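Chemist: Just final_37.txt, nothing more (compact mmCIF, C-alpha atoms and all ligand atoms):
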# COMPACT_ATOMS: atom_id res chain seq x y z
CA MET A 1 37.73 -33.35 -62.84
CA GLN A 2 35.53 -32.46 -65.77
CA LYS A 3 37.22 -30.30 -68.32
CA SER A 4 34.44 -27.68 -68.32
CA LEU A 5 34.65 -27.30 -64.56
CA LEU A 6 38.38 -26.82 -64.73
CA VAL A 7 37.96 -24.14 -67.38
CA PHE A 8 35.36 -22.46 -65.21
CA ILE A 9 37.68 -22.41 -62.24
CA LEU A 10 40.52 -21.04 -64.35
CA LEU A 11 38.21 -18.29 -65.66
CA LEU A 12 37.15 -17.40 -62.15
CA GLY A 13 40.78 -17.03 -61.21
CA GLN A 14 41.38 -14.74 -64.14
CA ILE A 15 38.34 -12.61 -63.44
CA SER A 16 39.19 -12.07 -59.82
CA GLY A 17 42.77 -11.35 -60.82
CA ALA A 18 41.60 -8.71 -63.28
CA ASP A 19 39.28 -7.21 -60.66
CA VAL A 20 42.15 -6.76 -58.29
CA ALA A 21 44.24 -5.09 -60.99
CA MET A 22 41.44 -2.76 -62.07
CA ALA A 23 40.28 -1.90 -58.59
CA ALA A 24 43.93 -0.99 -58.17
CA ALA A 25 42.36 2.22 -57.09
CA ASN A 26 45.63 1.75 -55.31
CA PRO A 27 45.08 0.75 -51.69
CA GLU A 28 48.41 2.31 -50.84
CA LEU A 29 47.14 5.78 -51.67
CA HIS A 30 45.32 7.73 -48.98
CA VAL A 31 43.67 11.09 -49.34
CA SER A 32 42.93 13.28 -46.36
CA ASN A 33 41.73 16.81 -45.64
CA ALA A 34 40.20 17.16 -49.08
CA TYR A 35 37.99 20.15 -49.73
CA VAL A 36 36.82 22.40 -52.50
CA ARG A 37 36.90 26.10 -51.82
CA GLY A 38 33.48 27.64 -52.19
CA LEU A 39 33.57 31.16 -53.58
CA PRO A 40 30.88 33.83 -53.86
CA PRO A 41 28.27 33.26 -56.59
CA GLY A 42 29.46 34.54 -59.96
CA VAL A 43 33.05 33.38 -59.54
CA ALA A 44 33.69 30.95 -62.39
CA ASN A 45 36.69 29.05 -61.09
CA THR A 46 37.82 27.55 -57.83
CA ALA A 47 40.25 24.96 -56.52
CA ALA A 48 40.41 21.70 -54.61
CA TYR A 49 42.99 20.97 -51.95
CA MET A 50 44.03 17.78 -50.16
CA THR A 51 46.87 15.72 -48.79
CA LEU A 52 47.87 12.63 -50.78
CA GLU A 53 49.83 9.97 -48.96
CA ASN A 54 51.63 7.13 -50.72
CA ASN A 55 52.30 4.13 -48.49
CA SER A 56 53.79 2.03 -51.28
CA ASP A 57 57.39 1.50 -52.32
CA THR A 58 56.93 3.15 -55.70
CA ASP A 59 56.13 6.69 -56.72
CA ILE A 60 52.54 7.50 -57.68
CA VAL A 61 52.02 10.17 -60.30
CA LEU A 62 48.91 12.36 -60.28
CA THR A 63 48.09 13.53 -63.79
CA GLY A 64 44.81 15.36 -63.38
CA ALA A 65 41.20 15.17 -62.31
CA GLU A 66 37.62 15.20 -63.49
CA THR A 67 34.47 16.49 -61.85
CA SER A 68 30.87 17.03 -62.83
CA ALA A 69 30.93 20.35 -60.95
CA SER A 70 32.97 22.21 -63.56
CA LYS A 71 33.77 22.14 -67.25
CA SER A 72 37.35 21.14 -66.58
CA ALA A 73 39.70 20.24 -63.79
CA SER A 74 43.45 20.35 -64.04
CA LEU A 75 46.57 20.37 -61.99
CA HIS A 76 47.91 23.86 -61.35
CA GLU A 77 50.81 25.32 -59.50
CA THR A 78 50.88 28.79 -58.01
CA ILE A 79 54.30 30.28 -58.47
CA ASN A 80 55.94 33.54 -57.62
CA ARG A 81 57.42 35.05 -60.75
CA ASN A 82 59.05 38.44 -60.82
CA GLY A 83 57.35 39.33 -57.58
CA GLY A 84 53.88 38.45 -58.82
CA MET A 85 51.82 35.37 -58.11
CA THR A 86 50.71 33.44 -61.15
CA MET A 87 49.30 29.98 -61.89
CA GLU A 88 50.62 27.47 -64.33
CA HIS A 89 49.17 24.24 -65.61
CA VAL A 90 51.41 21.32 -64.73
CA MET A 91 51.23 17.95 -66.45
CA SER A 92 51.79 15.83 -63.36
CA ALA A 93 52.83 15.77 -59.74
CA THR A 94 54.56 12.92 -57.96
CA ILE A 95 53.56 11.49 -54.63
CA PRO A 96 56.88 9.95 -53.63
CA ALA A 97 57.14 6.39 -52.34
CA LYS A 98 56.41 6.42 -48.60
CA GLY A 99 55.83 10.13 -48.91
CA LYS A 100 53.21 12.83 -49.20
CA LEU A 101 52.08 15.47 -51.61
CA GLU A 102 50.08 18.42 -50.40
CA LEU A 103 47.73 20.32 -52.64
CA LYS A 104 47.35 23.63 -50.85
CA THR A 105 46.74 27.32 -51.29
CA GLY A 106 49.78 29.02 -52.76
CA GLY A 107 51.12 25.76 -54.19
CA LEU A 108 49.90 22.80 -56.18
CA HIS A 109 46.13 22.59 -56.48
CA LEU A 110 43.40 21.16 -58.63
CA MET A 111 41.84 24.00 -60.56
CA LEU A 112 38.14 23.65 -61.30
CA MET A 113 37.41 25.87 -64.29
CA GLY A 114 33.96 26.84 -65.44
CA LEU A 115 31.80 25.94 -62.45
CA LYS A 116 28.38 24.70 -63.47
CA ARG A 117 26.72 25.85 -60.25
CA PRO A 118 27.71 27.97 -57.27
CA LEU A 119 29.29 25.91 -54.48
CA GLY A 120 28.54 26.67 -50.87
CA SER A 121 29.33 25.08 -47.53
CA GLY A 122 27.38 21.85 -47.11
CA ASP A 123 27.69 20.98 -50.79
CA THR A 124 29.84 18.10 -51.93
CA VAL A 125 31.65 17.67 -55.22
CA SER A 126 32.32 14.32 -56.82
CA LEU A 127 35.96 14.43 -57.83
CA THR A 128 37.91 11.78 -59.71
CA LEU A 129 41.68 11.89 -59.42
CA LYS A 130 43.59 10.43 -62.36
CA PHE A 131 46.96 8.78 -62.04
CA GLU A 132 49.67 7.51 -64.32
CA GLY A 133 49.10 3.87 -65.19
CA GLY A 134 45.39 4.45 -65.67
CA PHE A 135 44.13 4.15 -62.15
CA VAL A 136 41.64 6.58 -60.71
CA LYS A 137 40.20 7.50 -57.37
CA THR A 138 36.72 8.98 -57.08
CA MET A 139 35.56 10.64 -53.92
CA GLU A 140 32.98 13.04 -52.55
CA VAL A 141 34.74 16.18 -51.44
CA PRO A 142 33.07 18.70 -49.12
CA VAL A 143 32.88 22.36 -50.01
CA ILE A 144 34.15 24.90 -47.52
CA SER A 145 33.03 28.36 -48.51
CA VAL A 146 35.24 31.37 -48.00
CA LEU A 147 32.05 33.10 -46.90
CA ASP A 148 32.12 30.86 -43.82
CA GLU A 149 35.84 30.87 -43.11
CU CU B 1 44.90 27.42 -60.48
Take the structure in this file and express it as structure tokens.
Ligand SMILES: [Cu+2]
Modeler:
Amino acid sequence: MQKSLLVFILLLGQISGADVAMAAANPELHVSNAYVRGLPPGVANTAAYMTLENNSDTDIVLTGAETSASKSASLHETINRNGGMTMEHVMSATIPAKGKLELKTGGLHLMLMGLKRPLGSGDTVSLTLKFEGGFVKTMEVPVISVLDE
């Protein structure tokens, strides 16, 4: 075999190997029931909710999110403190191996702060979830407006 051909084949192997690692948009992670809550015009912040399912044997750690729909997106937890409900920024949330994590009202959620446009039913929001280890998952999430609930 010619040396250049061998090098080419080796390179191909490396490239496809790297692709697999990068596209490690983690096939073991499944997202379902994702939606962004649409709120009346003039409300600056809202939240995204979803169920994250980890079918792998190792924990997956969600560290945050990004979206073009708002100035920032971060992981929040609603907690009951001294009889009052309050929200706190949390640095990460674990989707346990072979387990689930629910982002839901009254619990963990993705807070979208500083909406750039009002969101109504029928809209979609491009949302990128960020995970420990550098992998991301981008998806189009439908808006469900409270005005239509
Ligand atoms: Cu919040």
Chemist: Determine, for each residue of chain A having at least one atom at most 8 Å from an atom of ligand CU 1 (chain B), the closest pair of atoms and their separation in Å to one decimal, counting only C-alpha atoms and all ligand atoms; order by chain and ascending number, as a tab-separated table.
Modeler:
residue	atom	partner	partner_atom	distance
A:Thr46	CA	B:CU1	CU	7.6
A:Ala47	CA	B:CU1	CU	6.6
A:Leu75	CA	B:CU1	CU	7.4
A:His76	CA	B:CU1	CU	4.7
A:Glu77	CA	B:CU1	CU	6.3
A:Thr78	CA	B:CU1	CU	6.6
A:Met87	CA	B:CU1	CU	5.3
A:Glu88	CA	B:CU1	CU	6.9
A:His89	CA	B:CU1	CU	7.4
A:His109	CA	B:CU1	CU	6.4
A:Leu110	CA	B:CU1	CU	6.7
A:Met111	CA	B:CU1	CU	4.6
A:Leu112	CA	B:CU1	CU	7.8
Chemist: Can you spit out the residues from that selection as a PDB file, keeping the file's coordinate frame, using C-alpha atoms?
Modeler:
ATOM      1  CA  THR A  46      37.820  27.550 -57.830  1.00  0.00           C
ATOM      2  CA  ALA A  47      40.250  24.960 -56.520  1.00  0.00           C
ATOM      3  CA  LEU A  75      46.570  20.370 -61.990  1.00  0.00           C
ATOM      4  CA  HIS A  76      47.910  23.860 -61.350  1.00  0.00           C
ATOM      5  CA  GLU A  77      50.810  25.320 -59.500  1.00  0.00           C
ATOM      6  CA  THR A  78      50.880  28.790 -58.010  1.00  0.00           C
ATOM      7  CA  MET A  87      49.300  29.980 -61.890  1.00  0.00           C
ATOM      8  CA  GLU A  88      50.620  27.470 -64.330  1.00  0.00           C
ATOM      9  CA  HIS A  89      49.170  24.240 -65.610  1.00  0.00           C
ATOM     10  CA  HIS A 109      46.130  22.590 -56.480  1.00  0.00           C
ATOM     11  CA  LEU A 110      43.400  21.160 -58.630  1.00  0.00           C
ATOM     12  CA  MET A 111      41.840  24.000 -60.560  1.00  0.00           C
ATOM     13  CA  LEU A 112      38.140  23.650 -61.300  1.00  0.00           C
TER      14      LEU A 112
END
Chemist: Would you kindly identify which residues have an atom no farther than 7 Å from (46.8, 8.3, -52.6), using all atoms listed in the file and the file's own coordinates, and write them out as a list in words?
Modeler: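 Looking at atoms near the point gives Glu28, Leu29, His30, Val31, Leu52, Glu53 and Asn54 of chain A.
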Chemist: Determine, counting only C-alpha atoms, which protein, DNA and RNA residues have an atom within 9 Å of an atom of A:Thr124; residues of the same chain fewer than 5 positions away are not included. Present the result as a PyMOL selection string.
Modeler: chain A and resi 35-36+119+140-143
Chemist: Applying 7 Å and only C-alpha atoms, which residues near stretch 126-129 of chain A remain after dropping the ones on its own chain fewer than 2 positions away? List them as a PyMOL selection string.
Modeler: chain A and resi 64-68+124+131+136-141
Chemist: What separation in Å, quoted to one decimal, exists between atom CA of A:Gly114 and atom CA of A:Ile79?
Modeler: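 We find that atom CA of A:Gly114 and atom CA of A:Ile79 lie 21.8 Å from each other.
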Chemist: Rank nothing, just name the residue among A:Asn26, A:Ser74, A:Ser145, A:Asn45 nearest to A:Gly120, using all atoms listed in the file.
Modeler: A:Ser145
Chemist: For the atom pair atom CA of A:Glu102 and atom CA of A:Tyr49, what is the interatomic distance in Å to one decimal place?
Modeler: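 Atom-to-atom, atom CA of A:Glu102 to atom CA of A:Tyr49, that is 7.7 Å.
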Chemist: Can you pull out the residues contacting A:Lys98? Cut-off 9 Å, using all atoms listed in the file, and skip same-chain residues under 4 positions away; I want them as a list in words.
Modeler: Glu53, Asn54, Asn55, Ser56, Asp57, Thr58 and Asp59 of chain A
Chemist: Could you work out how far atom CA of A:Asn80 lies from atom CA of A:Val125, giving the answer in Å with one decimal?
Modeler: 29.1 Å
Chemist: Give as a list in words the set of residues within 7 Å of the point (45.5, 20.6, -49.4), where distances use the file's coordinates and only C-alpha atoms.
Modeler: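 Selection result: Asn33, Ala34, Tyr49, Met50, Thr51, Glu102, Leu103 and Lys104 of chain A.
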